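Below is the file run16.cif, which contains mmCIF, C-alpha atoms.
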```cif
data_model
#
loop_
_atom_site.group_PDB
_atom_site.id
_atom_site.type_symbol
_atom_site.label_atom_id
_atom_site.label_comp_id
_atom_site.auth_asym_id
_atom_site.auth_seq_id
_atom_site.Cartn_x
_atom_site.Cartn_y
_atom_site.Cartn_z
ATOM 1 C CA MET N 1 6.553 107.850 -94.341
ATOM 2 C CA GLN N 2 8.373 104.552 -93.831
ATOM 3 C CA GLY N 3 8.784 104.997 -90.108
ATOM 4 C CA ILE N 4 7.589 101.652 -88.720
ATOM 5 C CA LEU N 5 10.322 99.213 -87.714
ATOM 6 C CA HIS N 6 9.969 95.545 -86.887
ATOM 7 C CA VAL N 7 12.976 94.182 -85.006
ATOM 8 C CA ASP N 8 13.400 90.431 -84.626
ATOM 9 C CA LEU N 9 16.246 88.633 -82.882
ATOM 10 C CA ASP N 10 17.572 85.861 -85.104
ATOM 11 C CA ALA N 11 17.044 82.309 -83.781
ATOM 12 C CA PHE N 12 16.884 83.900 -80.337
ATOM 13 C CA TYR N 13 17.178 80.919 -77.976
ATOM 14 C CA ALA N 14 19.857 79.248 -80.101
ATOM 15 C CA SER N 15 21.781 82.500 -80.581
ATOM 16 C CA VAL N 16 21.784 83.103 -76.821
ATOM 17 C CA GLU N 17 23.233 79.639 -76.227
ATOM 18 C CA GLN N 18 25.934 80.263 -78.835
ATOM 19 C CA MET N 19 26.746 83.585 -77.173
ATOM 20 C CA LEU N 20 26.897 82.120 -73.661
ATOM 21 C CA HIS N 21 28.899 79.098 -74.835
ATOM 22 C CA PRO N 22 31.505 80.252 -77.379
ATOM 23 C CA GLU N 23 32.366 76.655 -78.217
ATOM 24 C CA LEU N 24 28.948 76.441 -79.911
ATOM 25 C CA ALA N 25 29.609 79.371 -82.251
ATOM 26 C CA GLY N 26 29.267 78.313 -85.871
ATOM 27 C CA ARG N 27 27.888 74.894 -84.931
ATOM 28 C CA PRO N 28 24.330 73.663 -85.496
ATOM 29 C CA VAL N 29 22.484 74.082 -82.194
ATOM 30 C CA LEU N 30 19.067 72.767 -81.182
ATOM 31 C CA VAL N 31 17.343 74.113 -78.092
ATOM 32 C CA GLY N 32 14.839 71.682 -76.648
ATOM 33 C CA GLY N 33 14.334 68.276 -75.146
ATOM 34 C CA GLY N 34 11.966 66.024 -77.032
ATOM 35 C CA VAL N 35 10.894 68.896 -79.290
ATOM 36 C CA VAL N 36 13.033 71.547 -80.974
ATOM 37 C CA LEU N 37 12.072 74.951 -79.564
ATOM 38 C CA ALA N 38 14.696 76.813 -81.584
ATOM 39 C CA ALA N 39 17.316 75.927 -84.175
ATOM 40 C CA SER N 40 20.388 77.925 -85.120
ATOM 41 C CA TYR N 41 20.793 78.935 -88.745
ATOM 42 C CA GLU N 42 23.521 76.331 -89.098
ATOM 43 C CA ALA N 43 20.902 73.693 -88.221
ATOM 44 C CA ARG N 44 18.208 75.314 -90.362
ATOM 45 C CA ALA N 45 20.478 74.930 -93.375
ATOM 46 C CA HIS N 46 19.917 71.168 -93.009
ATOM 47 C CA GLY N 47 16.130 71.509 -92.981
ATOM 48 C CA VAL N 48 15.646 71.610 -89.216
ATOM 49 C CA ALA N 49 12.769 73.778 -88.023
ATOM 50 C CA ALA N 50 10.762 74.352 -84.867
ATOM 51 C CA PRO N 51 8.621 72.706 -83.677
ATOM 52 C CA MET N 52 10.135 69.431 -84.831
ATOM 53 C CA GLY N 53 10.931 66.307 -82.902
ATOM 54 C CA VAL N 54 14.572 66.206 -81.816
ATOM 55 C CA LYS N 55 14.931 62.696 -83.230
ATOM 56 C CA GLN N 56 13.863 63.890 -86.668
ATOM 57 C CA ALA N 57 16.088 66.958 -86.363
ATOM 58 C CA LEU N 58 19.143 64.838 -85.553
ATOM 59 C CA HIS N 59 18.357 62.623 -88.532
ATOM 60 C CA LEU N 60 18.487 65.715 -90.752
ATOM 61 C CA CYS N 61 21.499 67.199 -88.968
ATOM 62 C CA PRO N 62 23.505 64.486 -87.144
ATOM 63 C CA ASP N 63 26.201 66.946 -86.040
ATOM 64 C CA ALA N 64 23.753 69.180 -84.189
ATOM 65 C CA VAL N 65 24.341 69.925 -80.517
ATOM 66 C CA VAL N 66 21.205 69.597 -78.378
ATOM 67 C CA VAL N 67 20.927 71.859 -75.328
ATOM 68 C CA ASN N 68 18.024 72.061 -72.908
ATOM 69 C CA GLY N 69 18.175 75.834 -72.880
ATOM 70 C CA SER N 70 18.941 78.355 -70.149
ATOM 71 C CA PHE N 71 15.486 79.885 -69.896
ATOM 72 C CA GLU N 72 16.463 81.952 -66.881
ATOM 73 C CA ASN N 73 18.713 84.001 -69.194
ATOM 74 C CA TYR N 74 16.306 84.670 -72.038
ATOM 75 C CA GLY N 75 14.071 87.158 -70.226
ATOM 76 C CA PRO N 76 16.868 89.438 -68.939
ATOM 77 C CA ILE N 77 18.603 89.406 -72.331
ATOM 78 C CA SER N 78 15.324 90.292 -74.038
ATOM 79 C CA LYS N 79 14.940 93.234 -71.650
ATOM 80 C CA GLN N 80 18.400 94.491 -72.636
ATOM 81 C CA VAL N 81 17.377 94.527 -76.289
ATOM 82 C CA MET N 82 14.051 96.222 -75.598
ATOM 83 C CA ALA N 83 15.839 98.875 -73.536
ATOM 84 C CA ILE N 84 17.982 99.681 -76.571
ATOM 85 C CA CYS N 85 14.817 100.008 -78.659
ATOM 86 C CA ALA N 86 13.305 102.313 -76.027
ATOM 87 C CA ASP N 87 16.352 104.574 -76.353
ATOM 88 C CA MET N 88 15.275 105.219 -79.952
ATOM 89 C CA THR N 89 11.585 105.960 -79.381
ATOM 90 C CA PRO N 90 8.991 105.722 -76.602
ATOM 91 C CA LEU N 91 6.688 103.930 -79.040
ATOM 92 C CA VAL N 92 7.875 100.342 -78.629
ATOM 93 C CA GLU N 93 5.338 97.521 -78.840
ATOM 94 C CA GLN N 94 6.928 94.251 -77.751
ATOM 95 C CA ILE N 95 4.924 91.363 -79.190
ATOM 96 C CA SER N 96 7.057 88.445 -77.991
ATOM 97 C CA ILE N 97 10.278 87.771 -76.138
ATOM 98 C CA ASP N 98 12.341 88.342 -79.290
ATOM 99 C CA GLU N 99 10.484 90.874 -81.440
ATOM 100 C CA ALA N 100 8.910 94.305 -81.316
ATOM 101 C CA PHE N 101 7.456 97.094 -83.429
ATOM 102 C CA LEU N 102 8.809 100.638 -83.186
ATOM 103 C CA ASP N 103 7.389 103.884 -84.538
ATOM 104 C CA VAL N 104 10.409 106.142 -85.086
ATOM 105 C CA ARG N 105 8.742 108.934 -87.039
ATOM 106 C CA GLY N 106 9.053 111.253 -84.057
ATOM 107 C CA SER N 107 12.743 110.467 -83.595
ATOM 108 C CA THR N 108 14.151 111.158 -87.042
ATOM 109 C CA HIS N 109 14.948 114.827 -86.326
ATOM 110 C CA LEU N 110 17.272 113.711 -83.522
ATOM 111 C CA LEU N 111 18.524 110.287 -84.559
ATOM 112 C CA GLY N 112 18.520 110.347 -88.352
ATOM 113 C CA SER N 113 16.536 108.441 -90.947
ATOM 114 C CA PRO N 114 14.659 105.205 -90.181
ATOM 115 C CA ASP N 115 17.473 103.346 -91.949
ATOM 116 C CA GLU N 116 20.048 104.978 -89.691
ATOM 117 C CA ILE N 117 17.982 104.217 -86.594
ATOM 118 C CA GLY N 118 17.602 100.601 -87.690
ATOM 119 C CA GLN N 119 21.334 100.258 -88.259
ATOM 120 C CA ALA N 120 22.024 101.857 -84.871
ATOM 121 C CA ILE N 121 19.779 99.284 -83.186
ATOM 122 C CA ARG N 122 21.557 96.438 -84.961
ATOM 123 C CA GLN N 123 24.991 97.767 -84.028
ATOM 124 C CA ARG N 124 24.109 98.364 -80.386
ATOM 125 C CA VAL N 125 22.478 94.948 -79.985
ATOM 126 C CA ALA N 126 25.550 93.316 -81.533
ATOM 127 C CA ASN N 127 28.021 95.306 -79.422
ATOM 128 C CA GLU N 128 26.178 95.530 -76.100
ATOM 129 C CA VAL N 129 24.250 92.253 -76.072
ATOM 130 C CA GLY N 130 26.188 90.089 -78.507
ATOM 131 C CA LEU N 131 23.268 88.907 -80.625
ATOM 132 C CA PRO N 132 22.247 89.274 -84.275
ATOM 133 C CA ILE N 133 18.985 91.099 -84.971
ATOM 134 C CA SER N 134 17.116 91.769 -88.206
ATOM 135 C CA VAL N 135 15.169 94.944 -88.943
ATOM 136 C CA GLY N 136 12.374 95.595 -91.416
ATOM 137 C CA ILE N 137 11.290 99.146 -92.223
ATOM 138 C CA ALA N 138 8.034 100.103 -93.927
ATOM 139 C CA SER N 139 4.968 102.312 -93.741
ATOM 140 C CA THR N 140 2.836 99.659 -92.000
ATOM 141 C CA LYS N 141 3.309 97.071 -89.277
ATOM 142 C CA PHE N 142 2.361 94.289 -91.671
ATOM 143 C CA LEU N 143 4.994 95.144 -94.247
ATOM 144 C CA ALA N 144 7.676 95.930 -91.659
ATOM 145 C CA LYS N 145 7.305 92.398 -90.278
ATOM 146 C CA VAL N 146 7.435 90.896 -93.767
ATOM 147 C CA ALA N 147 10.564 92.942 -94.478
ATOM 148 C CA SER N 148 12.355 91.792 -91.320
ATOM 149 C CA GLY N 149 11.604 88.206 -92.260
ATOM 150 C CA GLN N 150 13.127 88.733 -95.686
ATOM 151 C CA ALA N 151 16.138 90.497 -94.124
ATOM 152 C CA LYS N 152 17.086 87.467 -92.032
ATOM 153 C CA PRO N 153 19.558 86.532 -90.883
ATOM 154 C CA ASP N 154 21.213 89.609 -89.401
ATOM 155 C CA GLY N 155 20.097 92.165 -91.971
ATOM 156 C CA LEU N 156 18.078 95.317 -92.577
ATOM 157 C CA LEU N 157 15.557 95.834 -95.355
ATOM 158 C CA ARG N 158 13.442 98.798 -96.400
ATOM 159 C CA PRO N 159 11.583 98.212 -99.684
ATOM 160 C CA GLU N 160 11.745 101.238 -101.972
ATOM 161 C CA ASP N 161 8.538 100.493 -103.906
ATOM 162 C CA GLU N 162 6.482 98.745 -101.252
ATOM 163 C CA ILE N 163 3.628 97.449 -103.400
ATOM 164 C CA ALA N 164 5.828 96.198 -106.238
ATOM 165 C CA TRP N 165 8.148 94.480 -103.778
ATOM 166 C CA LEU N 166 5.293 92.906 -101.819
ATOM 167 C CA HIS N 167 3.533 91.641 -104.944
ATOM 168 C CA GLY N 168 6.624 89.718 -106.003
ATOM 169 C CA LEU N 169 6.755 87.674 -102.797
ATOM 170 C CA PRO N 170 5.151 84.252 -102.266
ATOM 171 C CA VAL N 171 1.717 84.438 -100.698
ATOM 172 C CA SER N 172 3.003 82.395 -97.746
ATOM 173 C CA VAL N 173 4.687 85.530 -96.310
ATOM 174 C CA MET N 174 1.290 86.914 -95.316
ATOM 175 C CA TRP N 175 0.070 86.601 -91.741
ATOM 176 C CA GLY N 176 -2.452 83.792 -91.537
ATOM 177 C CA VAL N 177 -1.348 81.933 -94.663
ATOM 178 C CA GLY N 178 -0.097 78.632 -93.312
ATOM 179 C CA PRO N 179 0.457 75.372 -95.213
ATOM 180 C CA VAL N 180 -3.258 74.514 -95.471
ATOM 181 C CA ARG N 181 -4.412 77.925 -96.691
ATOM 182 C CA ASN N 182 -1.368 78.184 -98.959
ATOM 183 C CA ALA N 183 -2.315 74.876 -100.577
ATOM 184 C CA THR N 184 -5.907 76.065 -101.009
ATOM 185 C CA LEU N 185 -4.791 79.243 -102.754
ATOM 186 C CA ALA N 186 -2.349 77.306 -104.945
ATOM 187 C CA GLU N 187 -5.245 75.197 -106.226
ATOM 188 C CA TYR N 188 -6.701 78.391 -107.686
ATOM 189 C CA GLY N 189 -3.426 79.619 -109.158
ATOM 190 C CA ILE N 190 -2.551 82.037 -106.355
ATOM 191 C CA GLN N 191 1.216 81.765 -105.918
ATOM 192 C CA THR N 192 2.306 85.315 -105.114
ATOM 193 C CA VAL N 193 0.896 88.223 -103.144
ATOM 194 C CA GLY N 194 0.407 89.937 -106.492
ATOM 195 C CA ASP N 195 -1.787 87.064 -107.671
ATOM 196 C CA LEU N 196 -3.926 87.457 -104.576
ATOM 197 C CA ALA N 197 -4.123 91.238 -104.989
ATOM 198 C CA GLN N 198 -5.445 90.851 -108.526
ATOM 199 C CA ALA N 199 -8.024 88.188 -107.634
ATOM 200 C CA SER N 200 -11.608 89.386 -107.418
ATOM 201 C CA LYS N 201 -13.268 89.795 -104.038
ATOM 202 C CA GLU N 202 -15.958 87.363 -105.190
ATOM 203 C CA HIS N 203 -13.436 84.624 -105.908
ATOM 204 C CA LEU N 204 -11.544 85.225 -102.676
ATOM 205 C CA THR N 205 -14.785 85.087 -100.704
ATOM 206 C CA ALA N 206 -15.709 81.788 -102.341
ATOM 207 C CA TRP N 207 -12.295 80.316 -101.598
ATOM 208 C CA LEU N 208 -11.623 81.715 -98.129
ATOM 209 C CA GLY N 209 -14.863 83.081 -96.689
ATOM 210 C CA PRO N 210 -15.824 86.767 -96.411
ATOM 211 C CA GLY N 211 -13.757 87.679 -93.348
ATOM 212 C CA ALA N 212 -10.512 86.144 -94.582
ATOM 213 C CA ALA N 213 -11.112 87.477 -98.099
ATOM 214 C CA ASN N 214 -11.353 91.071 -96.891
ATOM 215 C CA HIS N 215 -8.385 90.627 -94.546
ATOM 216 C CA PHE N 216 -5.989 89.173 -97.104
ATOM 217 C CA HIS N 217 -7.069 91.467 -99.932
ATOM 218 C CA ALA N 218 -6.353 94.491 -97.731
ATOM 219 C CA LEU N 219 -2.933 93.190 -96.714
ATOM 220 C CA ALA N 220 -2.090 92.361 -100.337
ATOM 221 C CA TRP N 221 -2.393 96.099 -101.026
ATOM 222 C CA ASN N 222 -0.497 96.939 -97.810
ATOM 223 C CA ARG N 223 -3.564 98.384 -96.131
ATOM 224 C CA ASP N 224 -2.951 98.043 -92.398
ATOM 225 C CA GLY N 225 -4.249 100.793 -90.156
ATOM 226 C CA ARG N 226 -2.825 99.456 -86.896
ATOM 227 C CA SER N 227 -0.586 101.849 -85.016
ATOM 228 C CA VAL N 228 2.349 100.973 -82.773
ATOM 229 C CA ARG N 229 1.089 100.968 -79.209
ATOM 230 C CA LYS N 230 2.848 100.394 -75.942
ATOM 231 C CA PRO N 231 1.390 97.189 -74.487
ATOM 232 C CA GLY N 232 -0.929 97.477 -71.525
ATOM 233 C CA ARG N 233 -1.270 95.198 -68.547
ATOM 234 C CA ALA N 234 -0.651 91.594 -69.587
ATOM 235 C CA GLY N 235 -3.692 89.359 -69.380
ATOM 236 C CA SER N 236 -1.615 86.241 -68.849
ATOM 237 C CA MET N 237 1.884 85.157 -67.928
ATOM 238 C CA GLY N 238 3.640 81.921 -68.725
ATOM 239 C CA SER N 239 6.824 79.926 -68.355
ATOM 240 C CA GLN N 240 8.157 76.937 -70.260
ATOM 241 C CA SER N 241 11.055 74.530 -70.201
ATOM 242 C CA ALA N 242 12.502 71.800 -72.378
ATOM 243 C CA LEU N 243 12.590 68.668 -70.245
ATOM 244 C CA GLY N 244 14.938 66.522 -72.276
ATOM 245 C CA ARG N 245 14.593 63.026 -73.623
ATOM 246 C CA GLY N 246 13.719 59.995 -71.556
ATOM 247 C CA LEU N 247 12.108 61.906 -68.704
ATOM 248 C CA THR N 248 9.350 59.497 -67.672
ATOM 249 C CA ARG N 249 9.445 59.098 -63.889
ATOM 250 C CA GLU N 250 6.667 60.918 -62.075
ATOM 251 C CA THR N 251 9.058 62.248 -59.431
ATOM 252 C CA ASP N 252 11.307 63.813 -62.098
ATOM 253 C CA LEU N 253 8.317 65.346 -63.852
ATOM 254 C CA SER N 254 7.072 66.765 -60.563
ATOM 255 C CA VAL N 255 10.435 68.408 -59.911
ATOM 256 C CA ALA N 256 10.473 69.917 -63.401
ATOM 257 C CA LEU N 257 6.920 71.223 -63.007
ATOM 258 C CA LEU N 258 7.766 72.691 -59.602
ATOM 259 C CA ARG N 259 10.707 74.591 -61.095
ATOM 260 C CA ILE N 260 8.522 76.029 -63.856
ATOM 261 C CA ALA N 261 5.824 77.013 -61.357
ATOM 262 C CA ASP N 262 8.379 78.571 -59.014
ATOM 263 C CA ARG N 263 9.875 80.636 -61.828
ATOM 264 C CA LEU N 264 6.447 81.872 -62.902
ATOM 265 C CA SER N 265 5.255 82.607 -59.366
ATOM 266 C CA ALA N 266 8.389 84.684 -58.739
ATOM 267 C CA ARG N 267 7.501 86.856 -61.729
ATOM 268 C CA LEU N 268 3.923 87.208 -60.494
ATOM 269 C CA ARG N 269 5.075 88.249 -57.022
ATOM 270 C CA LYS N 270 7.498 90.774 -58.467
ATOM 271 C CA LYS N 271 4.672 92.422 -60.412
ATOM 272 C CA GLY N 272 2.158 92.159 -57.562
ATOM 273 C CA ARG N 273 -0.121 89.970 -59.631
ATOM 274 C CA ALA N 274 -2.197 86.860 -58.985
ATOM 275 C CA GLY N 275 -3.682 84.312 -61.333
ATOM 276 C CA ARG N 276 -7.158 82.832 -61.557
ATOM 277 C CA THR N 277 -6.752 80.029 -64.079
ATOM 278 C CA ILE N 278 -3.712 77.770 -64.295
ATOM 279 C CA THR N 279 -3.037 76.007 -67.588
ATOM 280 C CA VAL N 280 -0.440 73.295 -68.173
ATOM 281 C CA ARG N 281 0.520 72.256 -71.692
ATOM 282 C CA ALA N 282 2.907 69.431 -72.576
ATOM 283 C CA ARG N 283 4.237 68.615 -76.033
ATOM 284 C CA PHE N 284 5.802 65.224 -76.714
ATOM 285 C CA ALA N 285 8.489 64.039 -79.112
ATOM 286 C CA ASP N 286 5.889 62.863 -81.646
ATOM 287 C CA MET N 287 4.493 66.440 -81.692
ATOM 288 C CA THR N 288 1.259 65.485 -79.918
ATOM 289 C CA ALA N 289 0.244 67.767 -77.066
ATOM 290 C CA VAL N 290 -2.093 67.759 -74.088
ATOM 291 C CA THR N 291 -3.507 70.745 -72.219
ATOM 292 C CA ARG N 292 -5.134 70.856 -68.800
ATOM 293 C CA ALA N 293 -6.531 73.882 -66.954
ATOM 294 C CA ILE N 294 -8.097 74.574 -63.583
ATOM 295 C CA THR N 295 -9.764 77.735 -62.286
#
```

I'd like the structure from this file rewritten - as structure tokens, please.
Amino acid sequence: MQGILHVDLDAFYASVEQMLHPELAGRPVLVGGGVVLAASYEARAHGVAAPMGVKQALHLCPDAVVVNGSFENYGPISKQVMAICADMTPLVEQISIDEAFLDVRGSTHLLGSPDEIGQAIRQRVANEVGLPISVGIASTKFLAKVASGQAKPDGLLRPEDEIAWLHGLPVSVMWGVGPVRNATLAEYGIQTVGDLAQASKEHLTAWLGPGAANHFHALAWNRDGRSVRKPGRAGSMGSQSALGRGLTRETDLSVALLRIADRLSARLRKKGRAGRTITVRARFADMTAVTRAIT
């Protein structure tokens, strides 16, 4: 039964800013400082994507509005959306601030078909939260996530013939197929998921290695045995902030770091948790990054 839903808020950070600031509605919005953390669909239409340097993004989309982001709002708004999902089923697996898997097979006798449940989620999120959300519906987590990606922006998709639909998509829709692996597969004539599904295990192993070959061949035939599980105790917690352009003075950086640390420590105290290792990661406008950790 196609009872697995993947719900994904569209351009979450940027959509929140457009909701909180009505004057930004319909305008290209970039959330970030030196690096774009999120781009509205109006900006994406000009080729802007995250993570991209803001300078490059403004070259592609000169009319874009750059905002640092109101990170203190994103968590509470995410909780509102997840609460709506939890009204539909107790089996909600949140995998990031803006997306989750739901297993609604036990809810259909009360709430209607998976399509009806998906539409109800979209309507409630739009009416109660004010944000667009896309929903993919399938028999597996893998395909539900692919479907939500194809449904964007602000849509719902449930493939009728799952295998036929999947095989017609570019191989880049598969988890783990980034630009490098996509280029490798293209060298061997693998353009679609169907091409990959028809390739022999021997060839895939030679091209990708045994582990990746088995993984991608299984997904190409929509074999994904993972169930939707409520997440357990988080192993880590984090906080981030876009610092803006031209922030170079040590005192200003210290203030920004203190704010991030204070926000994170407040969350830890609220949950009665303590950390052992602290990691700091900074990404610069040229897309280089540095990471430091202490235990």

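Using only C-alpha atoms, the contacts of Lys79 (chain N) at a cut-off of 12 Å, with sequence neighbours closer than 4 positions omitted, comprise Asn73, Tyr74, Gly75, Ala83, Ile84, Cys85, Ala86, Gln94, Ser96, Ile97, Asp98, Glu99, Ala100, Val125 and Val129 of chain N.
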
(request) Find the spatial neighbours of region 104-107 of chain N, counting only C-alpha atoms, within a cut-off of 12 Å - ignore same-chain residues fewer than 5 positions away - and output them as number ranges by chain. (result) N: 1-6, 85-93, 112-118, 121, 137-139, 227-228

Could you list, as a compact mmCIF listing (two decimals) with C-alpha atoms, keeping the file's coordinate frame, every residue within 9 Å of Tyr13 (chain N), counting only C-alpha atoms and ignoring same-chain residues fewer than 5 positions away?
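around-v6.txt written:
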```
# COMPACT_ATOMS: atom_id res chain seq x y z
CA GLN N 18 25.93 80.26 -78.83
CA LEU N 30 19.07 72.77 -81.18
CA VAL N 31 17.34 74.11 -78.09
CA LEU N 37 12.07 74.95 -79.56
CA ALA N 38 14.70 76.81 -81.58
CA ALA N 39 17.32 75.93 -84.18
CA SER N 40 20.39 77.92 -85.12
CA GLY N 69 18.18 75.83 -72.88
CA SER N 70 18.94 78.36 -70.15
CA PHE N 71 15.49 79.89 -69.90
CA TYR N 74 16.31 84.67 -72.04
CA ASP N 98 12.34 88.34 -79.29
```

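One finds CA of Asn222 (chain N) at 21.0 Å from CA of Ala186 (chain N).
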
(request) Convert the output of the PyMOL selection byres ((chain N and resi 58) around 12) on the shown file into explicit residues, formatted as an MDAnalysis selection string. (result) chainID N and resid 28:30 33:36 39 43:44 46:49 52:57 59:66

Just-selected residues, C-alpha atoms written as a PDB file, keeping the file's coordinate frame:
```
ATOM      1  CA  PRO N  28      24.330  73.663 -85.496  1.00  0.00           C
ATOM      2  CA  VAL N  29      22.484  74.082 -82.194  1.00  0.00           C
ATOM      3  CA  LEU N  30      19.067  72.767 -81.182  1.00  0.00           C
ATOM      4  CA  GLY N  33      14.334  68.276 -75.146  1.00  0.00           C
ATOM      5  CA  GLY N  34      11.966  66.024 -77.032  1.00  0.00           C
ATOM      6  CA  VAL N  35      10.894  68.896 -79.290  1.00  0.00           C
ATOM      7  CA  VAL N  36      13.033  71.547 -80.974  1.00  0.00           C
ATOM      8  CA  ALA N  39      17.316  75.927 -84.175  1.00  0.00           C
ATOM      9  CA  ALA N  43      20.902  73.693 -88.221  1.00  0.00           C
ATOM     10  CA  ARG N  44      18.208  75.314 -90.362  1.00  0.00           C
ATOM     11  CA  HIS N  46      19.917  71.168 -93.009  1.00  0.00           C
ATOM     12  CA  GLY N  47      16.130  71.509 -92.981  1.00  0.00           C
ATOM     13  CA  VAL N  48      15.646  71.610 -89.216  1.00  0.00           C
ATOM     14  CA  ALA N  49      12.769  73.778 -88.023  1.00  0.00           C
ATOM     15  CA  MET N  52      10.135  69.431 -84.831  1.00  0.00           C
ATOM     16  CA  GLY N  53      10.931  66.307 -82.902  1.00  0.00           C
ATOM     17  CA  VAL N  54      14.572  66.206 -81.816  1.00  0.00           C
ATOM     18  CA  LYS N  55      14.931  62.696 -83.230  1.00  0.00           C
ATOM     19  CA  GLN N  56      13.863  63.890 -86.668  1.00  0.00           C
ATOM     20  CA  ALA N  57      16.088  66.958 -86.363  1.00  0.00           C
ATOM     21  CA  HIS N  59      18.357  62.623 -88.532  1.00  0.00           C
ATOM     22  CA  LEU N  60      18.487  65.715 -90.752  1.00  0.00           C
ATOM     23  CA  CYS N  61      21.499  67.199 -88.968  1.00  0.00           C
ATOM     24  CA  PRO N  62      23.505  64.486 -87.144  1.00  0.00           C
ATOM     25  CA  ASP N  63      26.201  66.946 -86.040  1.00  0.00           C
ATOM     26  CA  ALA N  64      23.753  69.180 -84.189  1.00  0.00           C
ATOM     27  CA  VAL N  65      24.341  69.925 -80.517  1.00  0.00           C
ATOM     28  CA  VAL N  66      21.205  69.597 -78.378  1.00  0.00           C
TER      29      VAL N  66
END
```

(request) Run through the PyMOL selection byres ((chain N and resi 153-163) around 7) on the given coordinates and return the selected residues as a ChimeraX atom specification. (result) /N:10,132-138,147-148,151-152,164-167,221-222

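Distances to Thr205 (chain N) were evaluated for N:Ala266, N:Leu110, N:Val255, N:Leu185 using all atoms listed in the file, and the minimum falls at N:Leu185.
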
(message) One number please: CA of Arg273 (chain N) to CA of Thr295 (chain N), in Å, one decimal.
(response) 15.8 Å

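CA of Phe12 (chain N) lies 14.9 Å from CA of Arg27 (chain N).
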
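Counting all atoms listed in the file, Thr291 (chain N) has the following residues at most 9 Å away, ignoring those fewer than 2 positions along the same chain: Thr279, Val280, Arg281, Ala282, Arg283, Ala289 and Ala293 of chain N.
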
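You can rank N:Arg226, N:Lys201, N:Arg292, N:His109 by their closest distance to Thr140 (chain N) using only C-alpha atoms, and at the top of that list sits N:Arg226.
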
Could you rebuild region 39-53 of chain N with N, CA and C atoms and give me the result as a short mmCIF file (atom, residue, chain, number, x, y, z; two decimals), in the frame of the given file?
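Output below, filename selection-v6.cif:
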```cif
data_model
loop_
_atom_site.label_atom_id
_atom_site.label_comp_id
_atom_site.auth_asym_id
_atom_site.auth_seq_id
_atom_site.Cartn_x
_atom_site.Cartn_y
_atom_site.Cartn_z
N ALA N 39 16.19 76.50 -83.45
CA ALA N 39 17.32 75.93 -84.18
C ALA N 39 18.18 77.06 -84.71
N SER N 40 19.49 76.92 -84.57
CA SER N 40 20.39 77.92 -85.12
C SER N 40 20.33 77.87 -86.64
N TYR N 41 20.83 78.91 -87.28
CA TYR N 41 20.79 78.94 -88.74
C TYR N 41 21.67 77.86 -89.34
N GLU N 42 22.70 77.45 -88.62
CA GLU N 42 23.52 76.33 -89.10
C GLU N 42 22.70 75.05 -89.16
N ALA N 43 21.78 74.87 -88.20
CA ALA N 43 20.90 73.69 -88.22
C ALA N 43 19.79 73.86 -89.25
N ARG N 44 19.28 75.07 -89.39
CA ARG N 44 18.21 75.31 -90.36
C ARG N 44 18.66 75.03 -91.79
N ALA N 45 19.95 75.20 -92.04
CA ALA N 45 20.48 74.93 -93.38
C ALA N 45 20.32 73.47 -93.76
N HIS N 46 20.12 72.60 -92.76
CA HIS N 46 19.92 71.17 -93.01
C HIS N 46 18.43 70.80 -93.01
N GLY N 47 17.56 71.78 -92.95
CA GLY N 47 16.13 71.51 -92.98
C GLY N 47 15.47 71.40 -91.63
N VAL N 48 16.21 71.67 -90.56
CA VAL N 48 15.65 71.61 -89.22
C VAL N 48 14.80 72.85 -88.97
N ALA N 49 13.65 72.65 -88.34
CA ALA N 49 12.77 73.78 -88.02
C ALA N 49 12.03 73.47 -86.73
N ALA N 50 11.57 74.51 -86.08
CA ALA N 50 10.76 74.35 -84.87
C ALA N 50 9.29 74.59 -85.22
N PRO N 51 8.38 73.82 -84.59
CA PRO N 51 8.62 72.71 -83.68
C PRO N 51 8.79 71.41 -84.45
N MET N 52 9.83 70.71 -84.19
CA MET N 52 10.14 69.43 -84.83
C MET N 52 10.68 68.51 -83.76
N GLY N 53 10.38 67.25 -83.85
CA GLY N 53 10.93 66.31 -82.90
C GLY N 53 12.45 66.28 -82.98
#
```
